[in-house]
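Data from entry_30.cif: mmCIF, C-alpha atoms, pLDDT in the B column; chains and numbers go by the auth columns
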data_structure
#
loop_
_atom_site.group_PDB
_atom_site.id
_atom_site.type_symbol
_atom_site.label_atom_id
_atom_site.label_comp_id
_atom_site.label_asym_id
_atom_site.label_seq_id
_atom_site.Cartn_x
_atom_site.Cartn_y
_atom_site.Cartn_z
_atom_site.B_iso_or_equiv
_atom_site.auth_seq_id
_atom_site.auth_asym_id
ATOM 1 C CA MET A 1 0.000 0.000 0.000 49.00 1 P
ATOM 2 C CA GLU A 2 1.147 3.517 -0.744 67.00 2 P
ATOM 3 C CA GLU A 3 1.717 6.007 2.063 77.00 3 P
ATOM 4 C CA PRO A 4 -1.439 7.857 3.111 82.00 4 P
ATOM 5 C CA PHE A 5 -1.295 11.278 1.532 84.00 5 P
ATOM 6 C CA VAL A 6 -3.105 14.559 2.205 86.00 6 P
ATOM 7 C CA HIS A 7 -3.947 15.838 -1.252 84.00 7 P
ATOM 8 C CA ARG A 8 -5.827 19.007 -0.324 87.00 8 P
ATOM 9 C CA ILE A 9 -6.705 20.960 2.832 90.00 9 P
ATOM 10 C CA PHE A 10 -9.876 23.014 3.241 91.00 10 P
ATOM 11 C CA ASN A 11 -10.969 25.328 6.035 88.00 11 P
ATOM 12 C CA ASN A 12 -14.536 25.322 7.357 83.00 12 P
ATOM 13 C CA LYS A 13 -15.616 27.802 4.694 82.00 13 P
ATOM 14 C CA GLN A 14 -14.373 25.335 2.077 83.00 14 P
ATOM 15 C CA ASN A 15 -11.554 27.599 0.979 88.00 15 P
ATOM 16 C CA GLU A 16 -8.564 25.575 -0.111 89.00 16 P
ATOM 17 C CA ILE A 17 -5.401 26.093 1.908 91.00 17 P
ATOM 18 C CA LYS A 18 -2.396 25.937 -0.394 91.00 18 P
ATOM 19 C CA ASN A 19 0.405 26.911 2.005 92.00 19 P
ATOM 20 C CA SER A 20 1.504 25.708 5.396 93.00 20 P
ATOM 21 C CA MET A 21 -0.688 26.591 8.370 93.00 21 P
ATOM 22 C CA PHE A 22 -0.618 26.099 12.127 94.00 22 P
ATOM 23 C CA LEU A 23 -2.920 23.318 13.317 94.00 23 P
ATOM 24 C CA SER A 24 -4.139 24.021 16.860 93.00 24 P
ATOM 25 C CA ARG A 25 -5.725 21.499 19.199 92.00 25 P
ATOM 26 C CA LEU A 26 -9.135 22.746 18.093 90.00 26 P
ATOM 27 C CA GLY A 27 -8.179 22.036 14.476 89.00 27 P
ATOM 28 C CA PHE A 28 -11.001 23.107 12.179 83.00 28 P
ATOM 29 C CA ALA A 29 -13.746 22.571 14.781 72.00 29 P
ATOM 30 C CA LYS A 30 -15.940 25.446 15.838 65.00 30 P
ATOM 31 C CA GLU A 31 -15.767 26.552 19.470 59.00 31 P
ATOM 32 C CA ASN A 32 -18.808 25.258 21.375 57.00 32 P
ATOM 33 C CA PRO A 33 -18.721 25.810 25.143 54.00 33 P
ATOM 34 C CA ASP A 34 -21.586 23.344 25.719 57.00 34 P
ATOM 35 C CA LYS A 35 -19.695 20.457 24.118 56.00 35 P
ATOM 36 C CA LYS A 36 -16.153 21.312 25.135 62.00 36 P
ATOM 37 C CA ILE A 37 -14.793 17.734 25.187 63.00 37 P
ATOM 38 C CA ALA A 38 -16.637 16.437 22.128 72.00 38 P
ATOM 39 C CA ILE A 39 -15.384 19.189 19.811 83.00 39 P
ATOM 40 C CA PHE A 40 -11.819 17.974 20.200 91.00 40 P
ATOM 41 C CA ASP A 41 -12.904 14.556 18.889 94.00 41 P
ATOM 42 C CA LYS A 42 -14.042 16.272 15.678 93.00 42 P
ATOM 43 C CA SER A 43 -11.158 18.692 15.114 94.00 43 P
ATOM 44 C CA ILE A 44 -10.484 17.511 11.552 95.00 44 P
ATOM 45 C CA PHE A 45 -12.772 15.739 9.073 95.00 45 P
ATOM 46 C CA ALA A 46 -11.046 13.581 6.454 95.00 46 P
ATOM 47 C CA PHE A 47 -12.650 12.064 3.368 93.00 47 P
ATOM 48 C CA PRO A 48 -11.085 9.819 0.694 91.00 48 P
ATOM 49 C CA ILE A 49 -10.893 11.368 -2.760 87.00 49 P
ATOM 50 C CA ARG A 50 -11.597 7.971 -4.336 82.00 50 P
ATOM 51 C CA HIS A 51 -15.197 8.128 -3.051 80.00 51 P
ATOM 52 C CA TYR A 52 -15.859 10.952 -5.480 77.00 52 P
ATOM 53 C CA ASN A 53 -15.231 8.617 -8.411 72.00 53 P
ATOM 54 C CA GLU A 54 -18.826 8.255 -9.627 64.00 54 P
ATOM 55 C CA PRO A 55 -19.573 7.416 -13.263 61.00 55 P
ATOM 56 C CA ASP A 56 -22.559 9.780 -13.622 62.00 56 P
ATOM 57 C CA THR A 57 -20.616 13.036 -13.243 59.00 57 P
ATOM 58 C CA ASP A 58 -18.631 15.109 -15.713 59.00 58 P
ATOM 59 C CA LYS A 59 -16.141 16.357 -13.128 57.00 59 P
ATOM 60 C CA LEU A 60 -12.937 14.491 -12.421 56.00 60 P
ATOM 61 C CA PHE A 61 -12.994 13.062 -8.909 52.00 61 P
ATOM 62 C CA THR A 62 -9.959 15.139 -7.903 55.00 62 P
ATOM 63 C CA GLU A 63 -11.885 18.288 -8.899 64.00 63 P
ATOM 64 C CA ARG A 64 -14.722 17.275 -6.575 68.00 64 P
ATOM 65 C CA ALA A 65 -12.507 17.237 -3.476 70.00 65 P
ATOM 66 C CA GLY A 66 -14.103 19.312 -0.761 66.00 66 P
ATOM 67 C CA GLU A 67 -17.726 18.606 -1.717 76.00 67 P
ATOM 68 C CA LYS A 68 -18.285 16.658 1.526 81.00 68 P
ATOM 69 C CA LYS A 69 -17.030 19.661 3.495 84.00 69 P
ATOM 70 C CA GLU A 70 -13.965 17.727 4.551 91.00 70 P
ATOM 71 C CA ASN A 71 -10.887 19.451 5.903 93.00 71 P
ATOM 72 C CA LEU A 72 -8.513 16.848 4.459 93.00 72 P
ATOM 73 C CA SER A 73 -8.980 15.167 1.081 90.00 73 P
ATOM 74 C CA VAL A 74 -6.854 12.047 1.368 92.00 74 P
ATOM 75 C CA LEU A 75 -5.406 9.438 -0.956 89.00 75 P
ATOM 76 C CA GLU A 76 -4.516 5.814 -0.136 91.00 76 P
ATOM 77 C CA MET A 77 -6.891 5.731 2.847 94.00 77 P
ATOM 78 C CA ASP A 78 -10.482 4.569 3.269 94.00 78 P
ATOM 79 C CA GLU A 79 -12.882 3.261 5.913 95.00 79 P
ATOM 80 C CA TYR A 80 -11.291 -0.204 5.738 96.00 80 P
ATOM 81 C CA SER A 81 -7.685 0.924 6.185 96.00 81 P
ATOM 82 C CA VAL A 82 -8.172 3.528 8.930 98.00 82 P
ATOM 83 C CA PHE A 83 -8.737 2.432 12.536 98.00 83 P
ATOM 84 C CA ILE A 84 -9.966 4.123 15.706 98.00 84 P
ATOM 85 C CA GLY A 85 -6.958 5.366 17.655 98.00 85 P
ATOM 86 C CA ASP A 86 -4.550 5.405 14.692 98.00 86 P
ATOM 87 C CA ILE A 87 -1.938 8.068 15.388 98.00 87 P
ATOM 88 C CA TYR A 88 -0.334 9.899 12.463 97.00 88 P
ATOM 89 C CA GLN A 89 2.463 12.404 12.093 97.00 89 P
ATOM 90 C CA PHE A 90 1.163 15.171 9.833 96.00 90 P
ATOM 91 C CA GLY A 91 3.870 17.750 9.260 95.00 91 P
ATOM 92 C CA LYS A 92 4.859 18.898 12.753 96.00 92 P
ATOM 93 C CA ALA A 93 1.426 17.993 14.189 96.00 93 P
ATOM 94 C CA VAL A 94 0.306 14.628 15.578 98.00 94 P
ATOM 95 C CA ILE A 95 -3.307 13.583 14.981 97.00 95 P
ATOM 96 C CA GLN A 96 -5.406 10.594 16.091 98.00 96 P
ATOM 97 C CA VAL A 97 -8.474 8.983 14.502 98.00 97 P
ATOM 98 C CA SER A 98 -11.410 9.452 16.879 98.00 98 P
ATOM 99 C CA GLN A 99 -14.647 8.376 15.149 97.00 99 P
ATOM 100 C CA PRO A 100 -16.406 7.800 11.819 96.00 100 P
ATOM 101 C CA GLY A 101 -17.917 10.702 9.924 93.00 101 P
ATOM 102 C CA MET A 102 -21.604 11.489 10.047 86.00 102 P
ATOM 103 C CA VAL A 103 -23.977 9.156 8.254 79.00 103 P
ATOM 104 C CA SER A 104 -26.813 10.337 6.054 73.00 104 P
ATOM 105 C CA GLN A 105 -29.317 8.249 4.122 69.00 105 P
ATOM 106 C CA LYS A 106 -27.131 8.667 1.013 67.00 106 P
ATOM 107 C CA GLU A 107 -24.070 7.232 2.784 62.00 107 P
ATOM 108 C CA MET A 108 -26.166 4.289 4.008 66.00 108 P
ATOM 109 C CA GLU A 109 -27.203 3.565 0.427 65.00 109 P
ATOM 110 C CA ASN A 110 -23.674 4.030 -0.942 66.00 110 P
ATOM 111 C CA GLY A 111 -21.806 1.656 1.352 70.00 111 P
ATOM 112 C CA PHE A 112 -21.059 3.907 4.329 76.00 112 P
ATOM 113 C CA LYS A 113 -18.543 6.158 2.620 88.00 113 P
ATOM 114 C CA THR A 114 -18.451 8.341 5.713 91.00 114 P
ATOM 115 C CA GLY A 115 -14.876 9.493 6.129 94.00 115 P
ATOM 116 C CA TRP A 116 -13.635 9.962 9.702 97.00 116 P
ATOM 117 C CA TYR A 117 -12.613 12.516 12.282 97.00 117 P
ATOM 118 C CA PHE A 118 -9.250 13.206 13.896 97.00 118 P
ATOM 119 C CA ARG A 119 -8.402 14.821 17.212 96.00 119 P
ATOM 120 C CA VAL A 120 -5.184 16.837 17.462 96.00 120 P
ATOM 121 C CA LEU A 121 -2.728 15.390 19.990 97.00 121 P
ATOM 122 C CA GLU A 122 0.151 17.770 19.259 97.00 122 P
ATOM 123 C CA GLU A 123 -0.164 21.136 17.573 95.00 123 P
ATOM 124 C CA GLY A 124 2.146 22.100 14.731 96.00 124 P
ATOM 125 C CA LYS A 125 2.549 23.314 11.159 95.00 125 P
ATOM 126 C CA ILE A 126 0.875 21.308 8.393 95.00 126 P
ATOM 127 C CA GLN A 127 0.588 21.672 4.632 91.00 127 P
ATOM 128 C CA PRO A 128 -1.164 19.964 1.703 90.00 128 P
ATOM 129 C CA GLU A 129 0.444 17.390 -0.570 89.00 129 P
ATOM 130 C CA LYS A 130 2.280 15.660 2.266 89.00 130 P
ATOM 131 C CA ASP A 131 2.327 12.094 3.551 91.00 131 P
ATOM 132 C CA LEU A 132 0.678 11.025 6.768 93.00 132 P
ATOM 133 C CA GLN A 133 3.045 8.749 8.653 95.00 133 P
ATOM 134 C CA LEU A 134 1.373 6.094 10.811 96.00 134 P
ATOM 135 C CA ILE A 135 3.013 6.128 14.242 97.00 135 P
ATOM 136 C CA GLU A 136 0.777 3.719 16.147 97.00 136 P
ATOM 137 C CA ARG A 137 -2.276 1.485 15.599 98.00 137 P
ATOM 138 C CA PRO A 138 -3.604 0.579 19.078 98.00 138 P
ATOM 139 C CA ASN A 139 -6.979 -0.856 17.940 98.00 139 P
ATOM 140 C CA PRO A 140 -6.464 -3.031 14.839 98.00 140 P
ATOM 141 C CA LYS A 141 -9.931 -4.543 15.294 97.00 141 P
ATOM 142 C CA TRP A 142 -11.856 -1.277 14.955 98.00 142 P
ATOM 143 C CA SER A 143 -11.676 0.031 11.403 98.00 143 P
ATOM 144 C CA ILE A 144 -14.031 2.872 10.543 97.00 144 P
ATOM 145 C CA ALA A 145 -16.050 0.359 8.506 95.00 145 P
ATOM 146 C CA ALA A 146 -16.315 -2.018 11.495 97.00 146 P
ATOM 147 C CA CYS A 147 -17.522 0.826 13.728 96.00 147 P
ATOM 148 C CA ASN A 148 -20.182 1.791 11.188 94.00 148 P
ATOM 149 C CA GLU A 149 -21.303 -1.831 11.016 94.00 149 P
ATOM 150 C CA VAL A 150 -21.792 -2.044 14.794 96.00 150 P
ATOM 151 C CA MET A 151 -23.510 1.343 14.987 94.00 151 P
ATOM 152 C CA TYR A 152 -25.786 1.196 11.935 91.00 152 P
ATOM 153 C CA ILE A 153 -26.066 -2.309 10.450 91.00 153 P
ATOM 154 C CA ASP A 154 -25.765 -4.911 13.208 93.00 154 P
ATOM 155 C CA ARG A 155 -27.596 -2.877 15.864 91.00 155 P
ATOM 156 C CA ASP A 156 -28.746 -5.965 17.806 93.00 156 P
ATOM 157 C CA ASN A 157 -25.165 -7.143 18.358 94.00 157 P
ATOM 158 C CA LEU A 158 -24.747 -6.001 21.966 95.00 158 P
ATOM 159 C CA TRP A 159 -21.504 -7.956 22.303 97.00 159 P
ATOM 160 C CA GLY A 160 -19.936 -5.914 19.488 97.00 160 P
ATOM 161 C CA ALA A 161 -21.425 -2.696 20.888 97.00 161 P
ATOM 162 C CA ASP A 162 -19.907 -3.474 24.292 97.00 162 P
ATOM 163 C CA GLU A 163 -16.484 -4.175 22.792 97.00 163 P
ATOM 164 C CA LEU A 164 -16.580 -0.952 20.786 98.00 164 P
ATOM 165 C CA PHE A 165 -17.785 1.019 23.824 97.00 165 P
ATOM 166 C CA HIS A 166 -14.678 -0.142 25.723 97.00 166 P
ATOM 167 C CA CYS A 167 -12.385 1.228 23.004 97.00 167 P
ATOM 168 C CA THR A 168 -11.160 4.261 24.945 96.00 168 P
ATOM 169 C CA ASP A 169 -9.852 6.009 21.808 98.00 169 P
ATOM 170 C CA LEU A 170 -13.401 6.234 20.426 98.00 170 P
ATOM 171 C CA GLY A 171 -14.991 9.709 20.488 97.00 171 P
ATOM 172 C CA VAL A 172 -17.134 10.763 23.456 95.00 172 P
ATOM 173 C CA VAL A 173 -20.386 11.107 21.489 94.00 173 P
ATOM 174 C CA TRP A 174 -20.081 7.629 20.003 96.00 174 P
ATOM 175 C CA ARG A 175 -19.295 6.122 23.412 96.00 175 P
ATOM 176 C CA LYS A 176 -22.361 7.824 24.941 95.00 176 P
ATOM 177 C CA THR A 177 -24.566 6.489 22.133 95.00 177 P
ATOM 178 C CA LEU A 178 -23.234 2.960 22.631 96.00 178 P
ATOM 179 C CA ARG A 179 -23.699 3.206 26.422 96.00 179 P
ATOM 180 C CA LYS A 180 -27.370 4.113 25.886 95.00 180 P
ATOM 181 C CA ARG A 181 -27.826 1.139 23.568 94.00 181 P
ATOM 182 C CA LEU A 182 -26.213 -1.190 26.088 94.00 182 P
ATOM 183 C CA ARG A 183 -28.494 0.132 28.859 93.00 183 P
ATOM 184 C CA GLY A 184 -31.575 -0.478 26.715 85.00 184 P
ATOM 185 C CA PHE A 185 -32.489 3.113 25.832 73.00 185 P
#

Is it possible to express this structure as structure tokens?
Amino acid sequence: MEEPFVHRIFNNKQNEIKNSMFLSRLGFAKENPDKKIAIFDKSIFAFPIRHYNEPDTDKLFTERAGEKKENLSVLEMDEYSVFIGDIYQFGKAVIQVSQPGMVSQKEMENGFKTGWYFRVLEEGKIQPEKDLQLIERPNPKWSIAACNEVMYIDRDNLWGADELFHCTDLGVVWRKTLRKRLRGF
């Protein structure tokens, strides 16, 4: 497999960032005092460029990067090769996969092409067109695809929900949702 690669970076207004920038702990998340902890779990949204490769469009899939409002358009990564807790060196910053991206009806129909979120562990300068270097993979069982399966497809599998709930690298909101399911709510 090729090295994961950040092809393009977008801010929250979907303006492309072409030069280096400082990535703070908040990343691209919006300040929300009511959800102080949860916002750090969603500091950066990444989405694979290959998911834009649909036959019914005239645009090249690389031209469509940013349509999902992602902050990072990535190559050589997808929901099957990215795992909860994966830690990557990205320029001078260190980021960690925290949870799958949001799921709409369209994603459910198109095979859960959801992307994923990162939290920022160490702040630093980043820039587009750079490799992401995998530093650590603490949870090789919990790919983004496996998490989506437990959460949305195999909802009656309480054993799987319990195992995923105990993955401490999983984002706070997802863990709360799983705890409710396990308690019967």

Applying 6 Å and all atoms listed in the file, which residues near stretch 130-135 of chain P remain after dropping the ones on its own chain fewer than 5 positions away? List them as number ranges by chain.
P: 4-6, 87-90

Can you list what the PyMOL selection byres ((chain P and resi 137-144) around 10) grabs from this structure, as a ChimeraX atom specification?
/P:78-88,96-101,112-117,134-136,145-150,163-164,167-170

Mind writing the picked residues with C-alpha atoms as an mmCIF file, in the frame of the given file?
data_model
loop_
_atom_site.group_PDB
_atom_site.id
_atom_site.type_symbol
_atom_site.label_atom_id
_atom_site.label_comp_id
_atom_site.auth_asym_id
_atom_site.auth_seq_id
_atom_site.Cartn_x
_atom_site.Cartn_y
_atom_site.Cartn_z
ATOM 1 C CA ASP P 78 -10.482 4.569 3.269
ATOM 2 C CA GLU P 79 -12.882 3.261 5.913
ATOM 3 C CA TYR P 80 -11.291 -0.204 5.738
ATOM 4 C CA SER P 81 -7.685 0.924 6.185
ATOM 5 C CA VAL P 82 -8.172 3.528 8.930
ATOM 6 C CA PHE P 83 -8.737 2.432 12.536
ATOM 7 C CA ILE P 84 -9.966 4.123 15.706
ATOM 8 C CA GLY P 85 -6.958 5.366 17.655
ATOM 9 C CA ASP P 86 -4.550 5.405 14.692
ATOM 10 C CA ILE P 87 -1.938 8.068 15.388
ATOM 11 C CA TYR P 88 -0.334 9.899 12.463
ATOM 12 C CA GLN P 96 -5.406 10.594 16.091
ATOM 13 C CA VAL P 97 -8.474 8.983 14.502
ATOM 14 C CA SER P 98 -11.410 9.452 16.879
ATOM 15 C CA GLN P 99 -14.647 8.376 15.149
ATOM 16 C CA PRO P 100 -16.406 7.800 11.819
ATOM 17 C CA GLY P 101 -17.917 10.702 9.924
ATOM 18 C CA PHE P 112 -21.059 3.907 4.329
ATOM 19 C CA LYS P 113 -18.543 6.158 2.620
ATOM 20 C CA THR P 114 -18.451 8.341 5.713
ATOM 21 C CA GLY P 115 -14.876 9.493 6.129
ATOM 22 C CA TRP P 116 -13.635 9.962 9.702
ATOM 23 C CA TYR P 117 -12.613 12.516 12.282
ATOM 24 C CA LEU P 134 1.373 6.094 10.811
ATOM 25 C CA ILE P 135 3.013 6.128 14.242
ATOM 26 C CA GLU P 136 0.777 3.719 16.147
ATOM 27 C CA ALA P 145 -16.050 0.359 8.506
ATOM 28 C CA ALA P 146 -16.315 -2.018 11.495
ATOM 29 C CA CYS P 147 -17.522 0.826 13.728
ATOM 30 C CA ASN P 148 -20.182 1.791 11.188
ATOM 31 C CA GLU P 149 -21.303 -1.831 11.016
ATOM 32 C CA VAL P 150 -21.792 -2.044 14.794
ATOM 33 C CA GLU P 163 -16.484 -4.175 22.792
ATOM 34 C CA LEU P 164 -16.580 -0.952 20.786
ATOM 35 C CA CYS P 167 -12.385 1.228 23.004
ATOM 36 C CA THR P 168 -11.160 4.261 24.945
ATOM 37 C CA ASP P 169 -9.852 6.009 21.808
ATOM 38 C CA LEU P 170 -13.401 6.234 20.426
#

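Taking atom CA of P:Ile44 as the reference point, atom CA of P:Leu72 is found at 7.4 Å.
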
Polymer residues at most 9 Å from P:Ile9, all atoms listed in the file, same-chain spacing of 6 or more positions, as a ChimeraX atom specification
/P:15-18,66,70-73,127-129

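Ranking P:Ile39, P:Met77, P:Met21, P:Ala46 by their shortest atom-to-atom distance to P:Val173, with only C-alpha atoms included, puts P:Ile39 first.
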
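Interatomic distance, atom CA of P:Gly184 to atom CA of P:Met102: 22.8 Å.
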
Selected residue, from P:Val103, P:Val120, P:Leu75, P:Ala93, that lies nearest to P:Ser43 when counting all atoms listed in the file:
P:Val120

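Minimum distance to P:Asp162 across P:Lys92, P:Lys125, P:Leu182, P:Lys42 (counting all atoms listed in the file) occurs at P:Leu182.
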
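Nearest to P:Ser20 of all the residues P:Ile153, P:Gly124, P:Arg183, P:Thr177 is P:Gly124, counting all atoms listed in the file.
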
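Candidate residues P:Leu121, P:Leu178, P:Ala65, P:Leu26 were compared for distance to P:Phe40, and the nearest is P:Leu26, using only C-alpha atoms.
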
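Going from atom CA of P:Phe45 over to atom CA of P:Glu67, you cover 12.2 Å.
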
Nearest to P:Ile95: which of P:Arg50, P:Arg25, P:Arg155, P:Lys68 is it, counting only C-alpha atoms?
P:Arg25

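Residues near the point (-0.9, 22.3, 22.5), at a distance of 7 Å or less over only C-alpha atoms, make up Ser24, Arg25, Glu122 and Glu123 of chain P.
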
As a short mmCIF file (atom, residue, chain, number, x, y, z; two decimals), in the coordinates of the input, the rebuilt stretch 134-152 of chain P with N, CA and C atoms:
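part.cif written:
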data_model
loop_
_atom_site.label_atom_id
_atom_site.label_comp_id
_atom_site.auth_asym_id
_atom_site.auth_seq_id
_atom_site.Cartn_x
_atom_site.Cartn_y
_atom_site.Cartn_z
N LEU P 134 2.00 6.83 9.71
CA LEU P 134 1.37 6.09 10.81
C LEU P 134 2.41 5.84 11.89
N ILE P 135 2.12 6.31 13.10
CA ILE P 135 3.01 6.13 14.24
C ILE P 135 2.59 4.92 15.06
N GLU P 136 1.28 4.79 15.27
CA GLU P 136 0.78 3.72 16.15
C GLU P 136 -0.62 3.32 15.73
N ARG P 137 -0.93 2.01 15.85
CA ARG P 137 -2.28 1.48 15.60
C ARG P 137 -2.69 0.65 16.82
N PRO P 138 -3.28 1.29 17.84
CA PRO P 138 -3.60 0.58 19.08
C PRO P 138 -4.85 -0.31 19.00
N ASN P 139 -5.72 -0.11 18.01
CA ASN P 139 -6.98 -0.86 17.94
C ASN P 139 -7.19 -1.47 16.56
N PRO P 140 -6.39 -2.48 16.20
CA PRO P 140 -6.46 -3.03 14.84
C PRO P 140 -7.79 -3.73 14.53
N LYS P 141 -8.63 -3.91 15.52
CA LYS P 141 -9.93 -4.54 15.29
C LYS P 141 -10.98 -3.53 14.81
N TRP P 142 -10.80 -2.26 15.16
CA TRP P 142 -11.86 -1.28 14.96
C TRP P 142 -11.58 -0.32 13.80
N SER P 143 -11.74 -0.84 12.58
CA SER P 143 -11.68 0.03 11.40
C SER P 143 -12.91 0.93 11.42
N ILE P 144 -12.87 1.99 10.66
CA ILE P 144 -14.03 2.87 10.54
C ILE P 144 -15.22 2.07 10.01
N ALA P 145 -14.98 1.19 9.06
CA ALA P 145 -16.05 0.36 8.51
C ALA P 145 -16.65 -0.55 9.58
N ALA P 146 -15.81 -1.14 10.43
CA ALA P 146 -16.32 -2.02 11.50
C ALA P 146 -17.16 -1.23 12.50
N CYS P 147 -16.74 -0.03 12.82
CA CYS P 147 -17.52 0.83 13.73
C CYS P 147 -18.89 1.14 13.14
N ASN P 148 -18.91 1.50 11.85
CA ASN P 148 -20.18 1.79 11.19
C ASN P 148 -21.10 0.57 11.17
N GLU P 149 -20.51 -0.60 11.01
CA GLU P 149 -21.30 -1.83 11.02
C GLU P 149 -21.98 -2.04 12.37
N VAL P 150 -21.23 -1.88 13.45
CA VAL P 150 -21.79 -2.04 14.79
C VAL P 150 -22.87 -0.98 15.06
N MET P 151 -22.60 0.24 14.67
CA MET P 151 -23.51 1.34 14.99
C MET P 151 -24.78 1.33 14.13
N TYR P 152 -24.66 1.00 12.84
CA TYR P 152 -25.79 1.20 11.94
C TYR P 152 -26.36 -0.06 11.30
#
